[in-house]
file protein05.cif (mmCIF, C-alpha atoms)
data_data
#
loop_
_atom_site.label_atom_id
_atom_site.label_comp_id
_atom_site.auth_asym_id
_atom_site.auth_seq_id
_atom_site.Cartn_x
_atom_site.Cartn_y
_atom_site.Cartn_z
CA MET A 1454 -160.96 20.44 -135.53
CA ARG A 1455 -163.48 17.80 -136.58
CA ILE A 1456 -161.59 15.12 -134.66
CA LYS A 1457 -161.31 17.36 -131.59
CA SER A 1458 -165.04 18.03 -131.31
CA LEU A 1459 -165.68 14.33 -131.93
CA GLU A 1460 -163.41 13.43 -129.04
CA LEU A 1461 -165.17 15.99 -126.90
CA LEU A 1462 -168.57 14.43 -127.62
CA VAL A 1463 -167.33 10.91 -126.95
CA GLY A 1464 -165.75 12.10 -123.71
CA ALA A 1465 -169.03 13.72 -122.67
CA PHE A 1466 -170.81 10.47 -123.51
CA LEU A 1467 -168.41 8.48 -121.30
CA LEU A 1468 -168.89 10.95 -118.44
CA LEU A 1469 -172.66 10.75 -118.84
CA ALA A 1470 -172.55 6.95 -118.66
CA PHE A 1471 -170.30 7.12 -115.61
CA GLY A 1472 -172.63 9.62 -113.99
CA ALA A 1473 -175.58 7.33 -114.65
CA LEU A 1474 -173.71 4.42 -113.06
CA MET A 1475 -172.92 6.54 -110.01
CA PHE A 1476 -176.58 7.49 -109.80
CA LEU A 1477 -177.60 3.83 -109.93
CA ALA A 1478 -175.01 2.93 -107.32
CA ILE A 1479 -175.64 5.68 -104.80
CA GLN A 1480 -179.18 6.92 -105.23
CA VAL A 1481 -180.87 3.73 -106.44
CA SER A 1482 -179.12 0.88 -104.65
CA GLY A 1483 -178.08 2.96 -101.64
CA LEU A 1484 -174.50 1.76 -101.82
CA SER A 1485 -172.23 3.34 -99.25
CA GLY A 1486 -169.15 2.47 -97.24
CA GLU A 1487 -171.26 0.74 -94.64
CA THR A 1488 -170.70 -2.78 -95.92
CA SER A 1489 -167.07 -3.07 -94.82
CA LYS A 1490 -167.63 -2.02 -91.22
CA GLU A 1491 -166.12 -4.14 -88.46
CA SER A 1492 -168.61 -6.42 -86.82
CA TYR A 1493 -168.98 -9.18 -84.26
CA ARG A 1494 -171.15 -12.27 -84.53
CA VAL A 1495 -173.87 -13.44 -82.21
CA HIS A 1496 -176.40 -16.18 -82.74
CA ALA A 1497 -179.88 -17.09 -81.59
CA LEU A 1498 -182.19 -20.09 -81.86
CA PHE A 1499 -185.71 -19.61 -83.19
CA GLN A 1500 -188.66 -22.00 -83.29
CA ASN A 1501 -189.60 -20.74 -86.74
CA VAL A 1502 -187.84 -18.18 -88.92
CA GLY A 1503 -190.74 -17.84 -91.36
CA GLY A 1504 -189.59 -15.86 -94.37
CA LEU A 1505 -186.39 -14.46 -92.84
CA THR A 1506 -183.57 -14.46 -95.38
CA GLU A 1507 -179.82 -13.99 -95.29
CA ARG A 1508 -178.70 -10.35 -95.38
CA ALA A 1509 -181.91 -9.24 -93.67
CA LYS A 1510 -181.61 -6.24 -91.35
CA VAL A 1511 -180.98 -6.46 -87.61
CA THR A 1512 -182.38 -3.43 -85.84
CA ILE A 1513 -182.58 -1.87 -82.42
CA ALA A 1514 -185.41 0.61 -81.99
CA GLY A 1515 -185.83 0.59 -85.74
CA VAL A 1516 -182.23 1.59 -86.43
CA SER A 1517 -180.25 -0.85 -88.56
CA VAL A 1518 -177.26 -2.17 -86.59
CA GLY A 1519 -176.30 -5.31 -88.52
CA ARG A 1520 -177.22 -8.10 -90.88
CA VAL A 1521 -178.24 -11.74 -90.80
CA GLU A 1522 -175.23 -13.79 -91.91
CA SER A 1523 -176.59 -17.33 -92.13
CA ILE A 1524 -179.61 -19.42 -91.22
CA THR A 1525 -179.05 -23.11 -90.50
CA LEU A 1526 -180.86 -25.90 -88.69
CA ASP A 1527 -179.43 -26.67 -85.27
CA ALA A 1528 -179.21 -30.47 -85.23
CA LYS A 1529 -179.50 -30.88 -81.47
CA THR A 1530 -182.56 -28.77 -80.78
CA GLN A 1531 -184.18 -28.95 -84.25
CA GLN A 1532 -184.49 -25.17 -84.18
CA ALA A 1533 -183.31 -22.54 -86.65
CA ARG A 1534 -179.90 -21.11 -85.78
CA VAL A 1535 -179.54 -17.54 -87.02
CA GLU A 1536 -176.07 -15.97 -87.14
CA MET A 1537 -176.03 -12.18 -87.01
CA ALA A 1538 -173.20 -9.74 -87.63
CA ILE A 1539 -173.60 -6.65 -85.43
CA ASN A 1540 -171.58 -3.48 -86.07
CA SER A 1541 -168.70 -3.18 -83.61
CA GLU A 1542 -169.79 0.33 -82.65
CA VAL A 1543 -172.91 -1.14 -81.06
CA ASN A 1544 -171.13 -3.08 -78.32
CA ASP A 1545 -173.42 -2.46 -75.37
CA ILE A 1546 -176.35 -4.80 -76.02
CA SER A 1547 -177.08 -6.57 -72.74
CA THR A 1548 -177.13 -10.38 -72.71
CA ASP A 1549 -180.81 -10.57 -71.76
CA ALA A 1550 -181.90 -8.76 -74.94
CA VAL A 1551 -184.85 -10.25 -76.81
CA ALA A 1552 -184.50 -11.06 -80.52
CA ALA A 1553 -187.81 -11.07 -82.39
CA ILE A 1554 -188.50 -11.72 -86.06
CA LEU A 1555 -190.69 -8.86 -87.27
CA THR A 1556 -192.26 -7.83 -90.55
CA SER A 1557 -191.98 -4.35 -91.99
CA GLY A 1558 -195.47 -3.41 -93.07
CA LEU A 1559 -198.21 -5.88 -93.84
CA LEU A 1560 -196.51 -7.62 -96.76
CA GLY A 1561 -192.96 -6.32 -96.25
CA GLU A 1562 -189.76 -8.19 -95.67
CA LYS A 1563 -188.79 -9.93 -92.42
CA TYR A 1564 -186.12 -8.50 -90.17
CA ILE A 1565 -184.81 -9.07 -86.66
CA GLY A 1566 -185.64 -6.56 -83.97
CA LEU A 1567 -183.51 -6.57 -80.81
CA THR A 1568 -185.08 -5.23 -77.64
CA PRO A 1569 -182.33 -4.34 -75.15
CA GLY A 1570 -182.53 -5.78 -71.65
CA ALA A 1571 -181.26 -4.58 -68.29
CA ASP A 1572 -178.29 -6.85 -67.68
CA ASP A 1573 -174.83 -5.39 -67.00
CA THR A 1574 -173.03 -7.96 -69.15
CA PHE A 1575 -172.94 -7.30 -72.86
CA LEU A 1576 -173.11 -9.48 -75.94
CA LYS A 1577 -169.74 -10.17 -77.55
CA GLU A 1578 -168.27 -12.29 -80.36
CA GLY A 1579 -169.83 -15.75 -80.34
CA SER A 1580 -172.39 -15.20 -77.59
CA ARG A 1581 -175.95 -16.34 -77.85
CA ILE A 1582 -179.18 -14.39 -77.45
CA GLU A 1583 -181.25 -16.60 -75.16
CA GLN A 1584 -184.66 -15.01 -75.47
CA THR A 1585 -186.23 -15.16 -78.89
CA GLN A 1586 -189.62 -14.65 -80.40
CA SER A 1587 -190.40 -16.53 -83.59
CA SER A 1588 -191.78 -15.21 -86.80
CA LEU A 1589 -195.49 -14.59 -86.91
CA VAL A 1590 -196.87 -17.04 -89.47
CA LEU A 1591 -200.01 -15.57 -90.98
CA GLU A 1592 -201.56 -18.97 -91.80
CA ASP A 1593 -201.30 -20.13 -88.18
CA LEU A 1594 -202.87 -16.92 -87.00
CA ILE A 1595 -205.76 -17.16 -89.46
CA GLY A 1596 -206.21 -20.85 -88.59
CA LYS A 1597 -206.46 -20.05 -84.90
CA PHE A 1598 -208.82 -17.19 -85.58
CA LEU A 1599 -211.13 -19.36 -87.70
CA PHE A 1600 -211.05 -22.15 -85.14
CA ASN A 1601 -211.88 -19.63 -82.48
CA LYS A 1602 -214.85 -18.33 -84.47
CA ALA A 1603 -216.08 -21.83 -85.23
CA THR A 1604 -216.10 -22.89 -81.60
CA GLU A 1605 -217.51 -19.58 -80.46
CA ALA A 1606 -220.57 -19.62 -82.71
CA PRO A 1607 -222.58 -22.55 -81.28
CA LYS A 1608 -221.54 -21.69 -77.68
CA ALA A 1609 -221.28 -25.45 -77.20
CA ALA A 1610 -217.73 -25.65 -75.89
CA PRO A 1611 -216.89 -22.51 -73.95
CA GLU A 1612 -213.68 -23.96 -72.44
CA ALA A 1613 -212.30 -24.79 -75.91
CA SER A 1614 -212.94 -21.26 -77.07
CA ALA A 1615 -211.16 -19.85 -74.06
CA ASP A 1616 -208.24 -22.19 -74.74
CA SER A 1617 -207.83 -21.18 -78.34
CA ALA A 1618 -208.10 -17.51 -77.43
CA ASP A 1619 -205.18 -18.04 -75.08
CA ALA A 1620 -203.23 -19.86 -77.74
CA ALA A 1621 -203.80 -17.10 -80.26
CA PHE A 1622 -202.54 -14.32 -78.10
CA MET B 41 -190.41 -36.05 -150.80
CA LEU B 42 -186.76 -36.93 -151.10
CA THR B 43 -185.89 -33.55 -152.55
CA ARG B 44 -187.65 -31.87 -149.67
CA VAL B 45 -185.58 -33.81 -147.13
CA GLN B 46 -182.54 -32.93 -149.18
CA ALA B 47 -183.42 -29.24 -149.10
CA MET B 48 -183.94 -29.39 -145.35
CA GLY B 49 -180.54 -31.00 -144.91
CA ALA B 50 -178.92 -28.41 -147.12
CA ARG B 51 -180.53 -25.63 -145.09
CA GLY B 52 -179.28 -27.18 -141.85
CA LEU B 53 -175.77 -27.46 -143.26
CA ASP B 54 -176.02 -23.85 -144.37
CA VAL B 55 -176.93 -22.69 -140.87
CA VAL B 56 -173.98 -24.60 -139.39
CA ARG B 57 -171.70 -23.15 -142.06
CA THR B 58 -172.87 -19.61 -141.29
CA ILE B 59 -172.25 -20.05 -137.58
CA GLY B 60 -168.79 -21.41 -138.30
CA ALA B 61 -168.01 -18.60 -140.71
CA ALA B 62 -169.20 -16.00 -138.20
CA SER B 63 -166.96 -17.45 -135.49
CA VAL B 64 -163.90 -17.62 -137.74
CA PHE B 65 -164.64 -14.06 -138.87
CA LEU B 66 -164.82 -12.77 -135.30
CA TRP B 67 -161.63 -14.62 -134.39
CA GLN B 68 -159.73 -13.15 -137.33
CA ALA B 69 -161.00 -9.65 -136.66
CA LEU B 70 -160.23 -9.55 -132.95
CA VAL B 71 -157.30 -11.81 -132.18
CA CYS B 72 -154.32 -9.70 -133.06
CA TRP B 73 -151.83 -7.46 -131.35
CA PRO B 74 -153.49 -4.04 -131.24
CA ARG B 75 -151.64 -1.06 -132.59
CA TRP B 76 -152.89 1.54 -130.15
CA ARG B 77 -151.86 4.68 -132.04
CA LEU B 78 -153.89 3.58 -135.02
CA ALA B 79 -156.71 1.82 -133.20
CA ILE B 80 -157.76 4.44 -130.65
CA PRO B 81 -158.84 7.22 -133.08
CA LEU B 82 -160.79 4.66 -135.12
CA LEU B 83 -162.46 3.38 -131.97
CA ILE B 84 -163.39 6.88 -130.82
CA GLN B 85 -164.92 7.63 -134.18
CA GLN B 86 -167.01 4.47 -133.99
CA ILE B 87 -168.07 5.12 -130.39
CA TYR B 88 -169.33 8.46 -131.65
CA ALA B 89 -171.26 6.83 -134.52
CA VAL B 90 -172.65 3.95 -132.48
CA GLY B 91 -173.01 5.49 -129.04
CA VAL B 92 -173.36 9.25 -129.12
CA LEU B 93 -175.73 9.22 -132.08
CA SER B 94 -177.94 6.61 -130.35
CA LEU B 95 -178.13 8.72 -127.22
CA VAL B 96 -181.23 10.72 -128.14
CA ILE B 97 -183.44 7.70 -128.87
CA ILE B 98 -182.15 5.95 -125.73
CA ILE B 99 -182.87 8.91 -123.46
CA VAL B 100 -186.30 9.64 -124.93
CA SER B 101 -187.43 6.00 -124.80
CA GLY B 102 -186.00 5.57 -121.32
CA LEU B 103 -187.92 8.58 -120.09
CA PHE B 104 -191.21 7.40 -121.58
CA ILE B 105 -190.80 3.79 -120.43
CA GLY B 106 -190.07 5.01 -116.90
CA MET B 107 -193.13 7.27 -117.00
CA VAL B 108 -195.38 4.46 -118.27
CA LEU B 109 -194.06 2.13 -115.58
CA GLY B 110 -194.83 4.81 -113.03
CA LEU B 111 -198.40 5.23 -114.25
CA GLN B 112 -199.17 1.52 -114.63
CA GLY B 113 -197.49 0.59 -111.37
CA TYR B 114 -199.33 3.31 -109.50
CA ASN B 115 -202.72 2.18 -110.81
CA ILE B 116 -202.09 -1.39 -109.67
CA LEU B 117 -200.40 -0.58 -106.36
CA ILE B 118 -203.06 1.93 -105.29
CA THR B 119 -205.65 -0.88 -105.15
CA TYR B 120 -203.56 -2.51 -102.42
CA GLY B 121 -202.84 0.78 -100.71
CA SER B 122 -199.11 0.29 -101.17
CA GLU B 123 -198.24 2.97 -103.68
CA GLN B 124 -195.01 3.64 -101.74
CA ALA B 125 -193.64 0.50 -103.39
CA LEU B 126 -193.64 2.29 -106.75
CA GLY B 127 -189.94 3.10 -106.47
CA THR B 128 -189.14 -0.56 -105.89
CA LEU B 129 -191.27 -1.65 -108.83
CA VAL B 130 -189.86 0.89 -111.28
CA SER B 131 -186.22 0.44 -110.29
CA LEU B 132 -186.20 -3.37 -110.17
CA THR B 133 -188.02 -3.70 -113.48
CA LEU B 134 -185.62 -1.29 -115.13
CA THR B 135 -182.33 -2.51 -113.67
CA ARG B 136 -183.04 -6.20 -114.10
CA GLU B 137 -185.02 -6.42 -117.33
CA LEU B 138 -186.26 -3.46 -119.28
CA GLY B 139 -183.08 -1.40 -119.15
CA PRO B 140 -180.79 -3.93 -120.85
CA VAL B 141 -183.44 -5.54 -123.07
CA VAL B 142 -185.13 -2.44 -124.49
CA THR B 143 -181.76 -0.74 -124.95
CA ALA B 144 -180.50 -3.78 -126.86
CA LEU B 145 -183.60 -3.86 -129.08
CA LEU B 146 -183.28 -0.15 -129.84
CA PHE B 147 -179.56 -0.62 -130.34
CA ALA B 148 -180.17 -3.40 -132.88
CA GLY B 149 -182.59 -1.15 -134.73
CA ARG B 150 -180.61 2.07 -134.55
CA ALA B 151 -176.91 1.12 -134.52
CA GLY B 152 -176.90 -2.51 -135.69
CA SER B 153 -178.76 -1.83 -138.91
CA ALA B 154 -176.53 1.16 -139.63
CA LEU B 155 -173.40 -0.96 -139.13
CA THR B 156 -174.69 -3.67 -141.47
CA ALA B 157 -175.71 -1.20 -144.16
CA GLU B 158 -172.38 0.64 -143.95
CA ILE B 159 -170.24 -2.48 -144.19
CA GLY B 160 -172.49 -4.00 -146.84
CA LEU B 161 -172.22 -0.88 -148.97
CA MET B 162 -168.44 -0.90 -148.58
CA LYS B 163 -168.50 -4.46 -149.85
CA ALA B 164 -170.85 -3.66 -152.73
CA THR B 165 -168.70 -0.74 -153.88
CA GLU B 166 -165.62 -2.94 -153.53
CA GLN B 167 -163.97 -0.72 -150.95
CA LEU B 168 -163.16 -3.78 -148.88
CA SER B 169 -161.39 -5.61 -151.70
CA SER B 170 -159.46 -2.52 -152.75
CA MET B 171 -158.34 -2.14 -149.14
CA GLU B 172 -157.04 -5.68 -149.25
CA MET B 173 -155.25 -4.87 -152.47
CA ILE B 174 -153.29 -2.00 -150.92
CA GLY B 175 -152.35 -4.30 -148.04
CA VAL B 176 -154.73 -3.09 -145.30
CA ASP B 177 -156.63 -5.86 -143.57
CA PRO B 178 -160.31 -4.78 -143.70
CA LEU B 179 -161.13 -7.05 -140.78
CA ARG B 180 -158.84 -5.06 -138.49
CA ARG B 181 -159.37 -1.69 -140.06
CA ILE B 182 -163.18 -1.80 -140.50
CA ILE B 183 -164.65 -4.62 -138.43
CA ALA B 184 -162.64 -4.61 -135.21
CA PRO B 185 -163.22 -0.95 -134.18
CA ARG B 186 -166.94 -1.25 -134.95
CA PHE B 187 -167.25 -4.42 -132.94
CA TRP B 188 -165.43 -3.03 -129.92
CA ALA B 189 -167.37 0.22 -130.10
CA GLY B 190 -170.66 -1.70 -130.02
CA VAL B 191 -169.55 -3.92 -127.14
CA LEU B 192 -168.34 -0.95 -125.10
CA THR B 193 -171.28 1.36 -125.70
CA MET B 194 -174.12 -1.09 -125.02
CA PRO B 195 -173.59 -1.23 -121.21
CA MET B 196 -173.16 2.55 -121.12
CA LEU B 197 -176.36 3.11 -123.06
CA ALA B 198 -178.22 0.64 -120.85
CA THR B 199 -176.99 2.45 -117.72
CA ILE B 200 -178.16 5.78 -119.06
CA PHE B 201 -181.50 4.25 -120.11
CA THR B 202 -182.07 2.82 -116.62
CA ALA B 203 -181.12 6.01 -114.85
CA VAL B 204 -183.34 8.16 -117.06
CA GLY B 205 -186.20 5.66 -116.67
CA ILE B 206 -186.02 5.81 -112.89
CA LEU B 207 -186.08 9.60 -113.05
CA GLY B 208 -189.09 9.37 -115.39
CA GLY B 209 -190.87 7.14 -112.90
CA ARG B 210 -190.10 9.68 -110.20
CA LEU B 211 -191.51 12.46 -112.37
CA VAL B 212 -194.85 10.68 -112.75
CA GLY B 213 -195.04 9.11 -109.29
CA VAL B 214 -193.82 11.98 -107.14
CA ASP B 215 -194.56 15.12 -109.11
CA TRP B 216 -197.85 14.21 -110.76
CA LEU B 217 -199.44 11.49 -108.65
CA GLY B 218 -198.22 12.77 -105.32
CA ILE B 219 -196.34 9.87 -103.76
CA PHE B 220 -194.10 11.05 -100.92
CA GLU B 221 -190.62 11.51 -102.41
CA GLY B 222 -188.80 10.01 -99.42
CA SER B 223 -190.63 6.73 -99.62
CA TYR B 224 -190.00 6.50 -103.39
CA TRP B 225 -186.23 6.60 -102.89
CA ALA B 226 -186.06 4.81 -99.54
CA ASN B 227 -188.04 1.76 -100.68
CA MET B 228 -185.93 1.65 -103.79
CA GLN B 229 -182.66 1.74 -101.88
CA GLN B 230 -183.90 -0.95 -99.54
CA SER B 231 -184.70 -3.44 -102.27
CA VAL B 232 -182.13 -2.77 -104.99
CA GLU B 233 -178.78 -4.45 -104.43
CA PHE B 234 -175.85 -3.03 -106.36
CA ILE B 235 -174.22 -6.35 -107.21
CA ASP B 236 -177.34 -8.50 -107.63
CA ASP B 237 -179.40 -6.04 -109.61
CA VAL B 238 -177.33 -3.23 -111.12
CA LEU B 239 -174.21 -5.24 -111.99
CA ASN B 240 -176.19 -8.23 -113.28
CA GLY B 241 -178.11 -5.82 -115.50
CA LEU B 242 -174.81 -4.47 -116.82
CA ILE B 243 -173.55 -8.01 -117.50
CA LYS B 244 -176.74 -8.65 -119.44
CA ALA B 245 -176.21 -5.45 -121.43
CA LEU B 246 -172.63 -6.48 -122.21
CA ALA B 247 -173.80 -9.89 -123.46
CA PHE B 248 -176.48 -8.28 -125.62
CA GLY B 249 -173.92 -5.81 -126.96
CA ILE B 250 -171.62 -8.64 -128.02
CA ALA B 251 -174.47 -10.59 -129.65
CA VAL B 252 -176.05 -7.67 -131.52
CA THR B 253 -172.78 -6.15 -132.75
CA TRP B 254 -171.43 -9.52 -133.82
CA ILE B 255 -174.57 -10.24 -135.83
CA ALA B 256 -174.53 -6.74 -137.33
CA VAL B 257 -170.92 -6.72 -138.52
CA PHE B 258 -171.09 -10.30 -139.76
CA GLN B 259 -174.28 -9.74 -141.71
CA GLY B 260 -172.70 -6.70 -143.32
CA TYR B 261 -169.51 -8.56 -144.19
CA ASP B 262 -171.36 -11.66 -145.43
CA CYS B 263 -174.06 -9.96 -147.48
CA GLU B 264 -174.57 -10.26 -151.20
CA PRO B 265 -172.90 -7.20 -152.75
CA THR B 266 -176.07 -5.88 -154.35
CA SER B 267 -178.56 -3.29 -153.18
CA GLU B 268 -181.10 -6.04 -152.59
CA GLY B 269 -178.55 -8.08 -150.67
CA ILE B 270 -177.78 -5.12 -148.42
CA SER B 271 -181.44 -4.54 -147.66
CA ARG B 272 -181.91 -8.24 -146.82
CA ALA B 273 -178.83 -8.22 -144.60
CA THR B 274 -180.06 -5.13 -142.75
CA THR B 275 -183.42 -6.78 -142.11
CA ARG B 276 -181.69 -9.94 -140.93
CA THR B 277 -179.56 -7.93 -138.51
CA VAL B 278 -182.61 -6.43 -136.81
CA VAL B 279 -184.57 -9.71 -136.77
CA TYR B 280 -181.74 -12.00 -135.67
CA GLY B 281 -180.39 -9.38 -133.29
CA SER B 282 -183.74 -8.93 -131.54
CA LEU B 283 -184.35 -12.69 -131.36
CA ALA B 284 -180.85 -13.28 -130.01
CA VAL B 285 -181.38 -10.60 -127.36
CA LEU B 286 -184.69 -12.08 -126.18
CA ALA B 287 -183.41 -15.66 -126.12
CA LEU B 288 -180.18 -14.65 -124.37
CA ASP B 289 -182.22 -12.64 -121.89
CA PHE B 290 -184.17 -15.72 -120.88
CA ILE B 291 -181.01 -17.76 -120.39
CA LEU B 292 -179.22 -15.03 -118.45
CA THR B 293 -182.25 -14.35 -116.28
CA ALA B 294 -182.55 -18.05 -115.49
CA VAL B 295 -178.90 -18.13 -114.47
CA MET B 296 -178.88 -14.84 -112.51
CA PHE B 297 -182.29 -14.71 -110.87
CA GLY B 298 -183.76 -18.17 -111.50
CA GLY B 299 -182.20 -19.88 -108.50
CA VAL B 300 -182.94 -19.15 -104.88
#
call {"tool": "encode", "arguments": {"input": "protein05.cif", "output": "structure tokens"}}
result
Amino acid sequence: MRIKSLELLVGAFLLLAFGALMFLAIQVSGLSGETSKESYRVHALFQNVGGLTERAKVTIAGVSVGRVESITLDAKTQQARVEMAINSEVNDISTDAVAAILTSGLLGEKYIGLTPGADDTFLKEGSRIEQTQSSLVLEDLIGKFLFNKATEAPKAAPEASADSADAAF
Amino acid sequence: MLTRVQAMGARGLDVVRTIGAASVFLWQALVCWPRWRLAIPLLIQQIYAVGVLSLVIIIVSGLFIGMVLGLQGYNILITYGSEQALGTLVSLTLTRELGPVVTALLFAGRAGSALTAEIGLMKATEQLSSMEMIGVDPLRRIIAPRFWAGVLTMPMLATIFTAVGILGGRLVGVDWLGIFEGSYWANMQQSVEFIDDVLNGLIKALAFGIAVTWIAVFQGYDCEPTSEGISRATTRTVVYGSLAVLALDFILTAVMFGGV
């Protein structure tokens, strides 16, 4: 009897630990069957990927449709080549879609947002997204803003101020 | 002067000898063909003693540590207006660091010291030598099930600790401080990776379990068979165990999260 209740308690302990692991897997790390979905690869060249990392989200209209597979430097153009894996279910992205590197929130992580185009041909395995918009680098933006302010203040060089305003936006 | 150098050398040799003895001891206790029918009931009994009886302290401390993390994190994050990141903060801190480390420290204090005292008392009352006399190997009969029980239960306890801590953080953040529940979980799920964070935390817990249990059973087996010797060995278990956990934690963190 003593041994039986002991085994019961140890069994309950094992189940509790297993339950906790399931909780960590499903509720905390959001693990689901999504990772093994079939996908096709497309790539795009960016001037600057900023803080984009591998395994970042690829979204359309805010809905996650894939992941960034790899980021390498394209030797010919000296631009960043970003490989993306898009879920096979999403197979009707037109070839003139725009890929932009966006930031979720002010200090959040970088992700790629795809804006669908109007073309009748669709992206498929190995195709390239021609139109891209680079990551917004905060330092550049602040630099331009400060430069703008500095030239604006004395009203000495109005054409320079107009130039930098154009460059900033 | 010369005698002092001599004493230092003798101490160094003693440390090396102890490490060697501990390794030989572990080897002798574990490397053998297991006899399942005999081993399993012993193991279950030890899992009960080491794991189930540690459960209360693990759950209570996990709850409070999660709640404190929730409060502290909220107070800092609110100044940046990003209190939604509380879930991320609580869950990453717990899965990567606090879960395994605090569990291991509590484990060294609660289960490790008990193991040392038990084995040391067996040695002092000559139970171990009488076992040898009737032809039962005390290393296999006493040490091996305790060691395996400690190694197996540490990751389980750490998992429970982490899960309870995250629920404690939710209790403070969502129920008391009024963070939107959806953003607590969603931000957490976005930033916690199962393999990188949860599994690495479990690997840490396993390493700590091996270190603490090894130290505990060896200190018990190696202690002077007097009441004073047992008390010294128990203290050593807690001190060495905690130091080993913290040092190992630095090394493991450098390997797991130190790189890019």
call {"tool": "interface_residues", "arguments": {"input": "protein05.cif", "of": "chain B", "to": "chain A", "cutoff": "8 Å", "atoms": "all atoms listed in the file", "output": "list in words"}}
result
Ile84, Gln85, Ile87, Tyr88, Gly91, Val92, Ser131, Met196, Leu197, Thr199, Ile200, Ala203, Trp225, Met228, Gln229, Gln230, Ser231, Val232, Glu233, Phe234 and Val238 of chain B
call {"tool": "write_last_selection", "arguments": {"input": "protein05.cif", "atoms": "C-alpha atoms", "output": "CSV table (one decimal), keeping the file's coordinate frame"}}
result
chain,number,residue,atom,x,y,z
B,84,ILE,CA,-163.4,6.9,-130.8
B,85,GLN,CA,-164.9,7.6,-134.2
B,87,ILE,CA,-168.1,5.1,-130.4
B,88,TYR,CA,-169.3,8.5,-131.6
B,91,GLY,CA,-173.0,5.5,-129.0
B,92,VAL,CA,-173.4,9.2,-129.1
B,131,SER,CA,-186.2,0.4,-110.3
B,196,MET,CA,-173.2,2.6,-121.1
B,197,LEU,CA,-176.4,3.1,-123.1
B,199,THR,CA,-177.0,2.4,-117.7
B,200,ILE,CA,-178.2,5.8,-119.1
B,203,ALA,CA,-181.1,6.0,-114.8
B,225,TRP,CA,-186.2,6.6,-102.9
B,228,MET,CA,-185.9,1.6,-103.8
B,229,GLN,CA,-182.7,1.7,-101.9
B,230,GLN,CA,-183.9,-1.0,-99.5
B,231,SER,CA,-184.7,-3.4,-102.3
B,232,VAL,CA,-182.1,-2.8,-105.0
B,233,GLU,CA,-178.8,-4.4,-104.4
B,234,PHE,CA,-175.8,-3.0,-106.4
B,238,VAL,CA,-177.3,-3.2,-111.1
call {"tool": "closest_residue", "arguments": {"input": "protein05.cif", "among": "B:Ser271, B:Gln259, B:Ser282, B:Thr193", "to": "Leu93 of chain B", "atoms": "only C-alpha atoms"}}
result
B:Thr193
call {"tool": "residues_around", "arguments": {"input": "protein05.cif", "residues": "Glu1536 of chain A", "least_positions_apart": "4", "cutoff": "10 Å", "atoms": "all atoms listed in the file", "output": "list of chain:residue names"}}
result
A:Arg1494, A:Val1495, A:His1496, A:Ala1497, A:Leu1498, A:Glu1507, A:Arg1520, A:Val1521, A:Glu1522, A:Ser1523, A:Ile1524, A:Thr1525, A:Gly1579, A:Arg1581
call {"tool": "closest_residue", "arguments": {"input": "protein05.cif", "among": "A:Tyr1493, A:Tyr1564, A:Phe1600, A:Phe1499", "to": "Val1511 of chain A", "atoms": "only C-alpha atoms"}}
result
A:Tyr1564
call {"tool": "atom_distance", "arguments": {"input": "protein05.cif", "atom1": "atom CA of Leu1599 of chain A", "atom2": "atom CA of Thr1556 of chain A"}}
result
22.3 Å
call {"tool": "resolve_selection", "arguments": {"input": "protein05.cif", "expression": "the PyMOL selection byres ((chain B and resi 211) around 12)", "output": "ChimeraX atom specification"}}
result
/B:103-111,126-127,130,204-210,212-221,224
call {"tool": "atom_distance", "arguments": {"input": "protein05.cif", "atom1": "atom CA of Arg186 of chain B", "atom2": "atom CA of Arg57 of chain B"}}
result
23.5 Å
call {"tool": "residues_around", "arguments": {"input": "protein05.cif", "residues": "Leu179 of chain B", "least_positions_apart": "4", "cutoff": "12 Å", "atoms": "all atoms listed in the file", "output": "MDAnalysis selection string"}}
result
chainID B and resid 64:72 159 163 168:169 171:172 175 183:187 257:258 260:261
call {"tool": "write_last_selection", "arguments": {"input": "protein05.cif", "atoms": "C-alpha atoms", "output": "compact mmCIF listing (two decimals), in the frame of the given file"}}
result
# COMPACT_ATOMS: atom_id res chain seq x y z
CA VAL B 64 -163.90 -17.62 -137.74
CA PHE B 65 -164.64 -14.06 -138.87
CA LEU B 66 -164.82 -12.77 -135.30
CA TRP B 67 -161.63 -14.62 -134.39
CA GLN B 68 -159.73 -13.15 -137.33
CA ALA B 69 -161.00 -9.65 -136.66
CA LEU B 70 -160.23 -9.55 -132.95
CA VAL B 71 -157.30 -11.81 -132.18
CA CYS B 72 -154.32 -9.70 -133.06
CA ILE B 159 -170.24 -2.48 -144.19
CA LYS B 163 -168.50 -4.46 -149.85
CA LEU B 168 -163.16 -3.78 -148.88
CA SER B 169 -161.39 -5.61 -151.70
CA MET B 171 -158.34 -2.14 -149.14
CA GLU B 172 -157.04 -5.68 -149.25
CA GLY B 175 -152.35 -4.30 -148.04
CA ILE B 183 -164.65 -4.62 -138.43
CA ALA B 184 -162.64 -4.61 -135.21
CA PRO B 185 -163.22 -0.95 -134.18
CA ARG B 186 -166.94 -1.25 -134.95
CA PHE B 187 -167.25 -4.42 -132.94
CA VAL B 257 -170.92 -6.72 -138.52
CA PHE B 258 -171.09 -10.30 -139.76
CA GLY B 260 -172.70 -6.70 -143.32
CA TYR B 261 -169.51 -8.56 -144.19
call {"tool": "resolve_selection", "arguments": {"input": "protein05.cif", "expression": "the PyMOL selection byres ((chain B and resi 153) around 12)", "output": "number ranges by chain"}}
result
B: 90, 145-152, 154-160, 252-260, 270-282
call {"tool": "resolve_selection", "arguments": {"input": "protein05.cif", "expression": "the PyMOL selection byres ((chain A and resi 1549) around 12)", "output": "ChimeraX atom specification"}}
result
/A:1497,1545-1548,1550-1552,1567-1576,1580-1585
